[in-house]
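Content type PDB, C-alpha atoms, from the file coords08.pdb:
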```pdb
ATOM      1  CA  MET A   1      54.965 -30.320   7.763  1.00  0.00           C
ATOM      2  CA  SER A   2      55.262 -27.521   5.197  1.00  0.00           C
ATOM      3  CA  ARG A   3      52.558 -27.137   2.582  1.00  0.00           C
ATOM      4  CA  TRP A   4      55.231 -27.772  -0.055  1.00  0.00           C
ATOM      5  CA  TRP A   5      55.421 -31.391   1.097  1.00  0.00           C
ATOM      6  CA  GLU A   6      51.653 -31.647   1.430  1.00  0.00           C
ATOM      7  CA  ILE A   7      51.194 -30.820  -2.263  1.00  0.00           C
ATOM      8  CA  GLY A   8      53.860 -33.331  -3.292  1.00  0.00           C
ATOM      9  CA  GLY A   9      56.637 -30.845  -3.855  1.00  0.00           C
ATOM     10  CA  ALA A  10      59.415 -33.395  -3.515  1.00  0.00           C
ATOM     11  CA  ALA A  11      58.071 -35.309  -6.487  1.00  0.00           C
ATOM     12  CA  GLN A  12      58.332 -32.185  -8.648  1.00  0.00           C
ATOM     13  CA  ALA A  13      62.080 -31.665  -8.330  1.00  0.00           C
ATOM     14  CA  ASP A  14      62.975 -33.151 -11.695  1.00  0.00           C
ATOM     15  CA  VAL A  15      60.314 -31.163 -13.597  1.00  0.00           C
ATOM     16  CA  TYR A  16      60.289 -27.924 -11.614  1.00  0.00           C
ATOM     17  CA  ASP A  17      62.571 -26.137 -14.070  1.00  0.00           C
ATOM     18  CA  ASP A  18      60.487 -27.036 -17.133  1.00  0.00           C
ATOM     19  CA  ARG A  19      58.363 -23.901 -16.814  1.00  0.00           C
ATOM     20  CA  TRP A  20      61.399 -21.645 -16.897  1.00  0.00           C
ATOM     21  CA  ARG A  21      62.959 -23.545 -19.805  1.00  0.00           C
ATOM     22  CA  ARG A  22      59.775 -23.106 -21.815  1.00  0.00           C
ATOM     23  CA  MET A  23      59.670 -19.392 -21.012  1.00  0.00           C
ATOM     24  CA  GLN A  24      63.285 -18.968 -22.077  1.00  0.00           C
ATOM     25  CA  ALA A  25      62.611 -20.887 -25.268  1.00  0.00           C
ATOM     26  CA  ARG A  26      59.854 -18.362 -26.048  1.00  0.00           C
ATOM     27  CA  GLY A  27      62.316 -15.532 -25.507  1.00  0.00           C
ATOM     28  CA  GLU A  28      60.802 -14.458 -22.178  1.00  0.00           C
ATOM     29  CA  TRP A  29      62.938 -13.019 -19.394  1.00  0.00           C
ATOM     30  CA  VAL A  30      63.050 -15.251 -16.318  1.00  0.00           C
ATOM     31  CA  HIS A  31      65.329 -13.313 -13.977  1.00  0.00           C
ATOM     32  CA  GLY A  32      63.096 -10.548 -12.684  1.00  0.00           C
ATOM     33  CA  GLU A  33      63.758 -11.560  -9.093  1.00  0.00           C
ATOM     34  CA  ALA A  34      67.514 -11.327  -9.593  1.00  0.00           C
ATOM     35  CA  ASP A  35      67.098  -7.948 -11.288  1.00  0.00           C
ATOM     36  CA  LEU A  36      65.239  -6.607  -8.263  1.00  0.00           C
ATOM     37  CA  VAL A  37      67.756  -8.033  -5.828  1.00  0.00           C
ATOM     38  CA  CYS A  38      70.607  -6.424  -7.772  1.00  0.00           C
ATOM     39  CA  TRP A  39      68.763  -3.071  -7.766  1.00  0.00           C
ATOM     40  CA  PHE A  40      69.565  -2.937  -4.040  1.00  0.00           C
ATOM     41  CA  GLU A  41      73.260  -3.658  -4.734  1.00  0.00           C
ATOM     42  CA  PRO A  42      73.833  -6.237  -1.954  1.00  0.00           C
ATOM     43  CA  ASP A  43      77.176  -7.951  -1.499  1.00  0.00           C
ATOM     44  CA  SER A  44      75.641 -11.041   0.095  1.00  0.00           C
ATOM     45  CA  VAL A  45      72.277 -12.747  -0.351  1.00  0.00           C
ATOM     46  CA  MET A  46      70.425 -15.693   1.122  1.00  0.00           C
ATOM     47  CA  ASP A  47      68.020 -17.293  -1.343  1.00  0.00           C
ATOM     48  CA  ALA A  48      65.557 -18.653   1.221  1.00  0.00           C
ATOM     49  CA  GLY A  49      63.434 -21.449  -0.210  1.00  0.00           C
ATOM     50  CA  CYS A  50      65.793 -21.607  -3.172  1.00  0.00           C
ATOM     51  CA  GLY A  51      64.288 -24.694  -4.803  1.00  0.00           C
ATOM     52  CA  THR A  52      66.424 -25.806  -7.745  1.00  0.00           C
ATOM     53  CA  GLY A  53      68.503 -22.656  -7.532  1.00  0.00           C
ATOM     54  CA  ARG A  54      67.308 -20.499 -10.426  1.00  0.00           C
ATOM     55  CA  VAL A  55      67.575 -17.200  -8.540  1.00  0.00           C
ATOM     56  CA  ALA A  56      70.702 -18.052  -6.540  1.00  0.00           C
ATOM     57  CA  ILE A  57      72.588 -19.272  -9.608  1.00  0.00           C
ATOM     58  CA  GLU A  58      71.785 -16.086 -11.513  1.00  0.00           C
ATOM     59  CA  LEU A  59      72.914 -13.961  -8.566  1.00  0.00           C
ATOM     60  CA  ASP A  60      76.137 -15.950  -8.372  1.00  0.00           C
ATOM     61  CA  ARG A  61      76.647 -15.411 -12.098  1.00  0.00           C
ATOM     62  CA  ARG A  62      76.394 -11.673 -11.447  1.00  0.00           C
ATOM     63  CA  GLY A  63      79.143 -11.818  -8.834  1.00  0.00           C
ATOM     64  CA  ILE A  64      77.088 -11.764  -5.637  1.00  0.00           C
ATOM     65  CA  ASP A  65      78.000 -14.039  -2.716  1.00  0.00           C
ATOM     66  CA  VAL A  66      74.896 -16.170  -2.343  1.00  0.00           C
ATOM     67  CA  VAL A  67      73.737 -19.080  -0.195  1.00  0.00           C
ATOM     68  CA  GLY A  68      70.684 -21.156  -1.099  1.00  0.00           C
ATOM     69  CA  VAL A  69      68.558 -22.703   1.658  1.00  0.00           C
ATOM     70  CA  ASP A  70      65.715 -25.171   1.174  1.00  0.00           C
ATOM     71  CA  SER A  71      63.984 -27.950   3.093  1.00  0.00           C
ATOM     72  CA  ASP A  72      63.588 -30.208   0.044  1.00  0.00           C
ATOM     73  CA  PRO A  73      66.711 -32.355  -0.527  1.00  0.00           C
ATOM     74  CA  ARG A  74      65.691 -33.326  -4.048  1.00  0.00           C
ATOM     75  CA  MET A  75      65.403 -29.689  -5.049  1.00  0.00           C
ATOM     76  CA  LEU A  76      68.840 -29.022  -3.575  1.00  0.00           C
ATOM     77  CA  ASP A  77      70.273 -32.003  -5.462  1.00  0.00           C
ATOM     78  CA  GLU A  78      69.087 -30.365  -8.685  1.00  0.00           C
ATOM     79  CA  ALA A  79      70.627 -27.056  -7.627  1.00  0.00           C
ATOM     80  CA  ARG A  80      73.967 -28.663  -6.728  1.00  0.00           C
ATOM     81  CA  GLY A  81      74.043 -30.463 -10.044  1.00  0.00           C
ATOM     82  CA  LYS A  82      73.752 -27.157 -11.880  1.00  0.00           C
ATOM     83  CA  ALA A  83      76.096 -25.105  -9.664  1.00  0.00           C
ATOM     84  CA  PRO A  84      78.218 -27.224  -7.320  1.00  0.00           C
ATOM     85  CA  HIS A  85      80.370 -24.233  -6.342  1.00  0.00           C
ATOM     86  CA  VAL A  86      77.411 -22.341  -4.816  1.00  0.00           C
ATOM     87  CA  GLN A  87      76.634 -22.898  -1.127  1.00  0.00           C
ATOM     88  CA  TRP A  88      73.452 -24.997  -0.722  1.00  0.00           C
ATOM     89  CA  VAL A  89      72.058 -25.657   2.763  1.00  0.00           C
ATOM     90  CA  LEU A  90      69.326 -28.125   3.739  1.00  0.00           C
ATOM     91  CA  GLY A  91      67.166 -26.575   6.443  1.00  0.00           C
ATOM     92  CA  ASP A  92      63.770 -25.373   7.597  1.00  0.00           C
ATOM     93  CA  LEU A  93      63.497 -21.600   7.324  1.00  0.00           C
ATOM     94  CA  CYS A  94      61.933 -21.220  10.758  1.00  0.00           C
ATOM     95  CA  GLU A  95      64.920 -22.783  12.528  1.00  0.00           C
ATOM     96  CA  VAL A  96      67.969 -22.890  10.235  1.00  0.00           C
ATOM     97  CA  ASP A  97      70.879 -20.966  11.759  1.00  0.00           C
ATOM     98  CA  LEU A  98      73.788 -19.909   9.571  1.00  0.00           C
ATOM     99  CA  ARG A  99      75.107 -17.181  11.835  1.00  0.00           C
ATOM    100  CA  ASP A 100      77.964 -19.151  13.383  1.00  0.00           C
ATOM    101  CA  VAL A 101      78.697 -21.493  10.482  1.00  0.00           C
ATOM    102  CA  ASP A 102      81.528 -21.166   7.961  1.00  0.00           C
ATOM    103  CA  LEU A 103      79.569 -22.353   4.951  1.00  0.00           C
ATOM    104  CA  CYS A 104      82.196 -21.861   2.304  1.00  0.00           C
ATOM    105  CA  GLU A 105      84.364 -24.895   1.583  1.00  0.00           C
ATOM    106  CA  ASP A 106      86.131 -23.262  -1.367  1.00  0.00           C
ATOM    107  CA  THR A 107      89.269 -21.554  -0.034  1.00  0.00           C
ATOM    108  CA  ASP A 108      89.253 -18.998  -2.855  1.00  0.00           C
ATOM    109  CA  ARG A 109      85.713 -17.926  -1.969  1.00  0.00           C
ATOM    110  CA  ARG A 110      85.862 -18.256   1.820  1.00  0.00           C
ATOM    111  CA  SER A 111      87.567 -14.949   2.625  1.00  0.00           C
ATOM    112  CA  SER A 112      85.159 -13.016   0.416  1.00  0.00           C
ATOM    113  CA  TYR A 113      82.163 -14.861   1.814  1.00  0.00           C
ATOM    114  CA  ALA A 114      83.201 -14.326   5.431  1.00  0.00           C
ATOM    115  CA  ALA A 115      83.762 -10.641   4.834  1.00  0.00           C
ATOM    116  CA  THR A 116      80.518  -9.950   3.040  1.00  0.00           C
ATOM    117  CA  THR A 117      78.130 -12.027   5.126  1.00  0.00           C
ATOM    118  CA  SER A 118      79.402 -10.731   8.443  1.00  0.00           C
ATOM    119  CA  GLY A 119      79.147 -13.993  10.349  1.00  0.00           C
ATOM    120  CA  GLY A 120      76.239 -15.647   8.573  1.00  0.00           C
ATOM    121  CA  ARG A 121      74.251 -12.433   8.197  1.00  0.00           C
ATOM    122  CA  PHE A 122      73.229 -11.158   4.804  1.00  0.00           C
ATOM    123  CA  ASP A 123      72.686  -7.805   3.136  1.00  0.00           C
ATOM    124  CA  LEU A 124      69.500  -9.191   1.591  1.00  0.00           C
ATOM    125  CA  ILE A 125      67.330 -12.278   1.929  1.00  0.00           C
ATOM    126  CA  VAL A 126      65.011 -13.086  -0.954  1.00  0.00           C
ATOM    127  CA  MET A 127      62.004 -15.409  -0.703  1.00  0.00           C
ATOM    128  CA  ALA A 128      60.682 -15.800  -4.233  1.00  0.00           C
ATOM    129  CA  GLY A 129      58.272 -18.358  -5.651  1.00  0.00           C
ATOM    130  CA  ASN A 130      55.542 -18.072  -3.008  1.00  0.00           C
ATOM    131  CA  VAL A 131      57.858 -19.370  -0.286  1.00  0.00           C
ATOM    132  CA  MET A 132      55.833 -17.797   2.515  1.00  0.00           C
ATOM    133  CA  VAL A 133      52.624 -19.596   1.563  1.00  0.00           C
ATOM    134  CA  PHE A 134      54.366 -22.979   1.282  1.00  0.00           C
ATOM    135  CA  VAL A 135      55.795 -22.988   4.813  1.00  0.00           C
ATOM    136  CA  GLU A 136      53.867 -24.851   7.494  1.00  0.00           C
ATOM    137  CA  VAL A 137      50.778 -22.945   8.531  1.00  0.00           C
ATOM    138  CA  GLY A 138      51.432 -21.441  11.935  1.00  0.00           C
ATOM    139  CA  THR A 139      55.195 -21.065  11.437  1.00  0.00           C
ATOM    140  CA  GLU A 140      55.083 -17.907   9.311  1.00  0.00           C
ATOM    141  CA  ALA A 141      55.977 -15.592  12.202  1.00  0.00           C
ATOM    142  CA  ALA A 142      58.899 -17.834  13.170  1.00  0.00           C
ATOM    143  CA  VAL A 143      60.166 -17.838   9.581  1.00  0.00           C
ATOM    144  CA  VAL A 144      60.109 -14.045   9.369  1.00  0.00           C
ATOM    145  CA  ALA A 145      61.753 -13.700  12.778  1.00  0.00           C
ATOM    146  CA  ASN A 146      64.514 -16.130  11.856  1.00  0.00           C
ATOM    147  CA  MET A 147      65.162 -14.383   8.563  1.00  0.00           C
ATOM    148  CA  ALA A 148      65.328 -11.031  10.372  1.00  0.00           C
ATOM    149  CA  GLN A 149      68.047 -12.427  12.643  1.00  0.00           C
ATOM    150  CA  HIS A 150      70.120 -13.260   9.567  1.00  0.00           C
ATOM    151  CA  LEU A 151      70.112  -9.692   8.201  1.00  0.00           C
ATOM    152  CA  THR A 152      72.950  -7.248   8.586  1.00  0.00           C
ATOM    153  CA  PRO A 153      72.005  -3.829  10.005  1.00  0.00           C
ATOM    154  CA  GLY A 154      70.229  -2.075   7.170  1.00  0.00           C
ATOM    155  CA  GLY A 155      69.659  -5.407   5.419  1.00  0.00           C
ATOM    156  CA  ARG A 156      66.464  -6.203   3.531  1.00  0.00           C
ATOM    157  CA  LEU A 157      63.977  -9.078   3.463  1.00  0.00           C
ATOM    158  CA  VAL A 158      62.299  -9.347   0.052  1.00  0.00           C
ATOM    159  CA  SER A 159      59.334 -11.677  -0.396  1.00  0.00           C
ATOM    160  CA  GLY A 160      56.860 -12.275  -3.206  1.00  0.00           C
ATOM    161  CA  PHE A 161      53.718 -14.306  -2.609  1.00  0.00           C
ATOM    162  CA  SER A 162      50.067 -14.639  -3.578  1.00  0.00           C
ATOM    163  CA  LEU A 163      47.032 -14.466  -1.349  1.00  0.00           C
ATOM    164  CA  GLY A 164      44.595 -17.351  -1.220  1.00  0.00           C
ATOM    165  CA  LEU A 165      47.135 -20.158  -1.263  1.00  0.00           C
ATOM    166  CA  SER A 166      47.260 -20.204   2.555  1.00  0.00           C
ATOM    167  CA  PRO A 167      45.619 -18.216   5.378  1.00  0.00           C
ATOM    168  CA  LEU A 168      48.483 -15.686   5.249  1.00  0.00           C
ATOM    169  CA  THR A 169      47.558 -12.084   4.432  1.00  0.00           C
ATOM    170  CA  PHE A 170      49.743  -9.076   3.690  1.00  0.00           C
ATOM    171  CA  ALA A 171      48.637  -7.551   6.992  1.00  0.00           C
ATOM    172  CA  ASP A 172      49.730 -10.714   8.822  1.00  0.00           C
ATOM    173  CA  TYR A 173      53.085 -10.656   7.085  1.00  0.00           C
ATOM    174  CA  ASP A 174      53.636  -6.989   7.926  1.00  0.00           C
ATOM    175  CA  ALA A 175      52.761  -7.676  11.565  1.00  0.00           C
ATOM    176  CA  PHE A 176      55.230 -10.563  11.736  1.00  0.00           C
ATOM    177  CA  ALA A 177      57.937  -8.346  10.232  1.00  0.00           C
ATOM    178  CA  ASP A 178      57.130  -5.517  12.628  1.00  0.00           C
ATOM    179  CA  ASN A 179      57.376  -7.886  15.594  1.00  0.00           C
ATOM    180  CA  ALA A 180      60.771  -9.010  14.270  1.00  0.00           C
ATOM    181  CA  GLY A 181      62.009  -5.424  14.254  1.00  0.00           C
ATOM    182  CA  LEU A 182      61.727  -4.841  10.508  1.00  0.00           C
ATOM    183  CA  ILE A 183      60.319  -1.756   8.805  1.00  0.00           C
ATOM    184  CA  LEU A 184      58.116  -1.834   5.707  1.00  0.00           C
ATOM    185  CA  GLU A 185      60.041  -0.115   2.916  1.00  0.00           C
ATOM    186  CA  HIS A 186      58.317  -1.074  -0.373  1.00  0.00           C
ATOM    187  CA  ARG A 187      55.362  -3.021  -1.698  1.00  0.00           C
ATOM    188  CA  TRP A 188      55.066  -3.604  -5.431  1.00  0.00           C
ATOM    189  CA  THR A 189      52.738  -5.665  -7.560  1.00  0.00           C
ATOM    190  CA  THR A 190      55.560  -7.135  -9.691  1.00  0.00           C
ATOM    191  CA  TRP A 191      59.263  -7.871  -9.435  1.00  0.00           C
ATOM    192  CA  ASP A 192      59.934  -5.015 -11.846  1.00  0.00           C
ATOM    193  CA  ARG A 193      58.629  -2.572  -9.234  1.00  0.00           C
ATOM    194  CA  GLN A 194      55.236  -1.697 -10.655  1.00  0.00           C
ATOM    195  CA  PRO A 195      53.134   0.144  -8.023  1.00  0.00           C
ATOM    196  CA  PHE A 196      51.035  -2.112  -5.817  1.00  0.00           C
ATOM    197  CA  ASP A 197      47.488  -2.170  -7.191  1.00  0.00           C
ATOM    198  CA  GLY A 198      45.726  -3.830  -4.274  1.00  0.00           C
ATOM    199  CA  GLY A 199      45.693  -7.195  -6.006  1.00  0.00           C
ATOM    200  CA  SER A 200      46.355 -10.669  -4.696  1.00  0.00           C
ATOM    201  CA  TYR A 201      50.091 -10.733  -5.413  1.00  0.00           C
ATOM    202  CA  ALA A 202      52.769  -8.483  -3.985  1.00  0.00           C
ATOM    203  CA  VAL A 203      56.509  -8.172  -3.701  1.00  0.00           C
ATOM    204  CA  THR A 204      57.256  -6.715  -0.283  1.00  0.00           C
ATOM    205  CA  VAL A 205      60.490  -5.291   1.107  1.00  0.00           C
ATOM    206  CA  HIS A 206      61.122  -4.918   4.811  1.00  0.00           C
ATOM    207  CA  ARG A 207      64.338  -3.473   6.169  1.00  0.00           C
ATOM    208  CA  ARG A 208      66.269  -3.992   9.372  1.00  0.00           C
ATOM    209  CA  PRO A 209      67.117  -0.573  10.837  1.00  0.00           C
ATOM    210  CA  PRO A 210      70.725   0.490  10.213  1.00  0.00           C
ATOM    211  CA  ALA A 211      73.122   0.438  13.123  1.00  0.00           C
ATOM    212  CA  VAL A 212      73.167   3.665  15.091  1.00  0.00           C
TER     213      VAL A 212
END
```

Please express the file's structure as structure tokens.
Amino acid sequence: MSRWWEIGGAAQADVYDDRWRRMQARGEWVHGEADLVCWFEPDSVMDAGCGTGRVAIELDRRGIDVVGVDSDPRMLDEARGKAPHVQWVLGDLCEVDLRDVDLCEDTDRRSSYAATTSGGRFDLIVMAGNVMVFVEVGTEAAVVANMAQHLTPGGRLVSGFSLGLSPLTFADYDAFADNAGLILEHRWTTWDRQPFDGGSYAVTVHRRPPAV
């Protein structure tokens, strides 16, 4: 069982967005993750551990083909209610397989989606919101490996998480990525690309090698 369920995550679906609403009401910017994703200029993105869809919906608004994946059906219900046209998939990140699935039910979007995702593979996968420390302890390597399999050649896996919320360390995460054939490209201390300061939070980018 993922740590998200252990801490009662399912019960938080209807209040999860309150934090972001309050921030917006104070005039604070809440789309730093989307800004970073767009900095890489991907055509297709998987929002892995998408929750109620904040990041995926913003990426869709900016014209990127995006699919949201989460293991919490109540979170996905919230996401679908806000953006029914976006592709939302219920699945565990360590085993979900989108590579041979035509996810798009909207005929107008299907041809674009099929072209940009290259058979269920994505230019970028983003795991925001401490996703990696909420997966089941012991499955972290499997999650990274599965995400790596869903990247196009040259595609990027972007993850932001804090230390101390699970046994996972940055060194562990890098080792899992290395074993999955990914190369460390960037590590920042914030989503707006401030240099990593050795602290307990980091945004890390690993890249699948381009095709030869």

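Of note, atom CA of Ala56 of chain A and atom CA of Asp77 of chain A are spaced 14.0 Å apart.
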
Resolved residues for the PyMOL selection byres ((chain A and resi 93) around 12) as JSON, numbers by chain | {"A": [2, 46, 47, 48, 49, 50, 68, 69, 70, 71, 72, 89, 90, 91, 92, 94, 95, 96, 97, 98, 125, 126, 127, 131, 132, 134, 135, 136, 139, 140, 141, 142, 143, 144, 145, 146, 147, 148, 149, 150]}

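The two atoms in question, atom CA of Asn179 of chain A and atom CA of Asp192 of chain A, are spaced 27.7 Å apart.
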
Could you spell out the hits of the PyMOL selection byres ((chain A and resi 158) around 9) on the shown file, as a PyMOL selection string?
-> chain A and resi 37+124-128+156-157+159-160+203-207

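Residues surrounding segment 187-190 of chain A within 8 Å are A:Gln194, A:Pro195, A:Phe196, A:Asp197, A:Gly198, A:Gly199, A:Tyr201, A:Ala202, A:Val203, A:Thr204, A:Val205 [all atoms listed in the file; sequence separation below 4 positions excluded].
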
Limited to C-alpha atoms, could you put the picked residues into a file as a PDB file, in the coordinates of the input?
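This went into again38.pdb:
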```pdb
ATOM      1  CA  GLN A 194      55.236  -1.697 -10.655  1.00  0.00           C
ATOM      2  CA  PRO A 195      53.134   0.144  -8.023  1.00  0.00           C
ATOM      3  CA  PHE A 196      51.035  -2.112  -5.817  1.00  0.00           C
ATOM      4  CA  ASP A 197      47.488  -2.170  -7.191  1.00  0.00           C
ATOM      5  CA  GLY A 198      45.726  -3.830  -4.274  1.00  0.00           C
ATOM      6  CA  GLY A 199      45.693  -7.195  -6.006  1.00  0.00           C
ATOM      7  CA  TYR A 201      50.091 -10.733  -5.413  1.00  0.00           C
ATOM      8  CA  ALA A 202      52.769  -8.483  -3.985  1.00  0.00           C
ATOM      9  CA  VAL A 203      56.509  -8.172  -3.701  1.00  0.00           C
ATOM     10  CA  THR A 204      57.256  -6.715  -0.283  1.00  0.00           C
ATOM     11  CA  VAL A 205      60.490  -5.291   1.107  1.00  0.00           C
TER      12      VAL A 205
END
```

Nearest to Phe170 of chain A among A:Arg80, A:Ser200, A:Val137, A:Thr152, with distances taken over all atoms listed in the file: which residue is it?
-> A:Ser200

Residue IDs satisfying the PyMOL selection byres ((chain A and resi 182) around 6), as a short mmCIF file (atom, residue, chain, number, x, y, z; two decimals) with C-alpha atoms, in the frame of the given file:
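The result, written out as part-v8.cif:
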```
data_model
loop_
_atom_site.label_atom_id
_atom_site.label_comp_id
_atom_site.auth_asym_id
_atom_site.auth_seq_id
_atom_site.Cartn_x
_atom_site.Cartn_y
_atom_site.Cartn_z
CA ALA A 177 57.94 -8.35 10.23
CA ASP A 178 57.13 -5.52 12.63
CA ALA A 180 60.77 -9.01 14.27
CA GLY A 181 62.01 -5.42 14.25
CA ILE A 183 60.32 -1.76 8.80
CA HIS A 206 61.12 -4.92 4.81
CA ARG A 207 64.34 -3.47 6.17
CA ARG A 208 66.27 -3.99 9.37
#
```

Quick one: distance from atom CA of Leu59 of chain A to atom CA of Ala171 of chain A in Å, one decimal?
->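 Value for the atom CA of Leu59 of chain A-atom CA of Ala171 of chain A distance: 29.5 Å.
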
Taking every listed atom of segment 141-146 of chain A and adding 5 Å to each side, what centre and edge lengths in Å (one decimal) does the axis-aligned box have, as lines of an AutoDock Vina configuration file?
```
center_x = 60.2
center_y = -15.8
center_z = 11.3
size_x = 18.5
size_y = 14.1
size_z = 13.8
```

Out of A:Gly164, A:Gly63, A:Gly27, A:Gly32, which residue has the shortest atom-to-atom distance to Ser44 of chain A when counting all atoms listed in the file?
->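 Ranked by minimum distance to Ser44 of chain A, first place goes to A:Gly63.
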
Nearest-residue call for Val212 of chain A, choices A:His31, A:Pro153, A:Trp191, A:Val133, using all atoms listed in the file =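 Of A:His31, A:Pro153, A:Trp191, A:Val133, the one nearest Val212 of chain A is A:Pro153, counting all atoms listed in the file.
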
Which one of A:Arg19, A:Pro73, A:Arg26, A:Gly155 sits closest to Phe40 of chain A if you count only C-alpha atoms?
->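 Of all the options, A:Gly155 lies closest to Phe40 of chain A.
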
Can you spit out segment 143-180 of chain A with C-alpha atoms, as a PDB file, in the first residue's frame, from the structure just given?
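File selection14.pdb, as written:
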```
ATOM      1  CA  VAL A 143       8.380   3.330 -10.239  1.00  0.00           C
ATOM      2  CA  VAL A 144      11.458   4.974 -11.742  1.00  0.00           C
ATOM      3  CA  ALA A 145      12.048   2.033 -14.077  1.00  0.00           C
ATOM      4  CA  ASN A 146       8.453   2.079 -15.281  1.00  0.00           C
ATOM      5  CA  MET A 147       8.537   5.816 -15.871  1.00  0.00           C
ATOM      6  CA  ALA A 148      11.788   5.436 -17.825  1.00  0.00           C
ATOM      7  CA  GLN A 149      10.078   2.927 -20.124  1.00  0.00           C
ATOM      8  CA  HIS A 150       7.436   5.540 -20.927  1.00  0.00           C
ATOM      9  CA  LEU A 151       9.938   8.166 -22.128  1.00  0.00           C
ATOM     10  CA  THR A 152      10.729   8.873 -25.741  1.00  0.00           C
ATOM     11  CA  PRO A 153      14.437   8.828 -26.661  1.00  0.00           C
ATOM     12  CA  GLY A 154      15.817  12.036 -25.220  1.00  0.00           C
ATOM     13  CA  GLY A 155      12.791  12.352 -22.931  1.00  0.00           C
ATOM     14  CA  ARG A 156      13.047  13.646 -19.373  1.00  0.00           C
ATOM     15  CA  LEU A 157      11.836  12.498 -15.956  1.00  0.00           C
ATOM     16  CA  VAL A 158      11.324  15.468 -13.623  1.00  0.00           C
ATOM     17  CA  SER A 159      10.667  14.857  -9.934  1.00  0.00           C
ATOM     18  CA  GLY A 160      10.452  17.110  -6.892  1.00  0.00           C
ATOM     19  CA  PHE A 161      10.457  15.642  -3.400  1.00  0.00           C
ATOM     20  CA  SER A 162      11.601  16.245   0.165  1.00  0.00           C
ATOM     21  CA  LEU A 163      13.886  14.118   2.278  1.00  0.00           C
ATOM     22  CA  GLY A 164      12.706  12.786   5.611  1.00  0.00           C
ATOM     23  CA  LEU A 165       9.185  11.866   4.570  1.00  0.00           C
ATOM     24  CA  SER A 166      10.301   8.330   3.648  1.00  0.00           C
ATOM     25  CA  PRO A 167      13.608   6.412   3.640  1.00  0.00           C
ATOM     26  CA  LEU A 168      14.293   7.627   0.080  1.00  0.00           C
ATOM     27  CA  THR A 169      17.432   9.717  -0.447  1.00  0.00           C
ATOM     28  CA  PHE A 170      18.637  11.651  -3.478  1.00  0.00           C
ATOM     29  CA  ALA A 171      21.462   9.138  -3.867  1.00  0.00           C
ATOM     30  CA  ASP A 172      18.927   6.287  -3.892  1.00  0.00           C
ATOM     31  CA  TYR A 173      16.837   8.063  -6.492  1.00  0.00           C
ATOM     32  CA  ASP A 174      19.858   8.715  -8.707  1.00  0.00           C
ATOM     33  CA  ALA A 175      20.863   5.054  -8.439  1.00  0.00           C
ATOM     34  CA  PHE A 176      17.378   3.902  -9.432  1.00  0.00           C
ATOM     35  CA  ALA A 177      17.443   6.260 -12.422  1.00  0.00           C
ATOM     36  CA  ASP A 178      20.911   5.095 -13.426  1.00  0.00           C
ATOM     37  CA  ASN A 179      19.790   1.462 -13.289  1.00  0.00           C
ATOM     38  CA  ALA A 180      16.842   2.407 -15.514  1.00  0.00           C
TER      39      ALA A 180
END
```
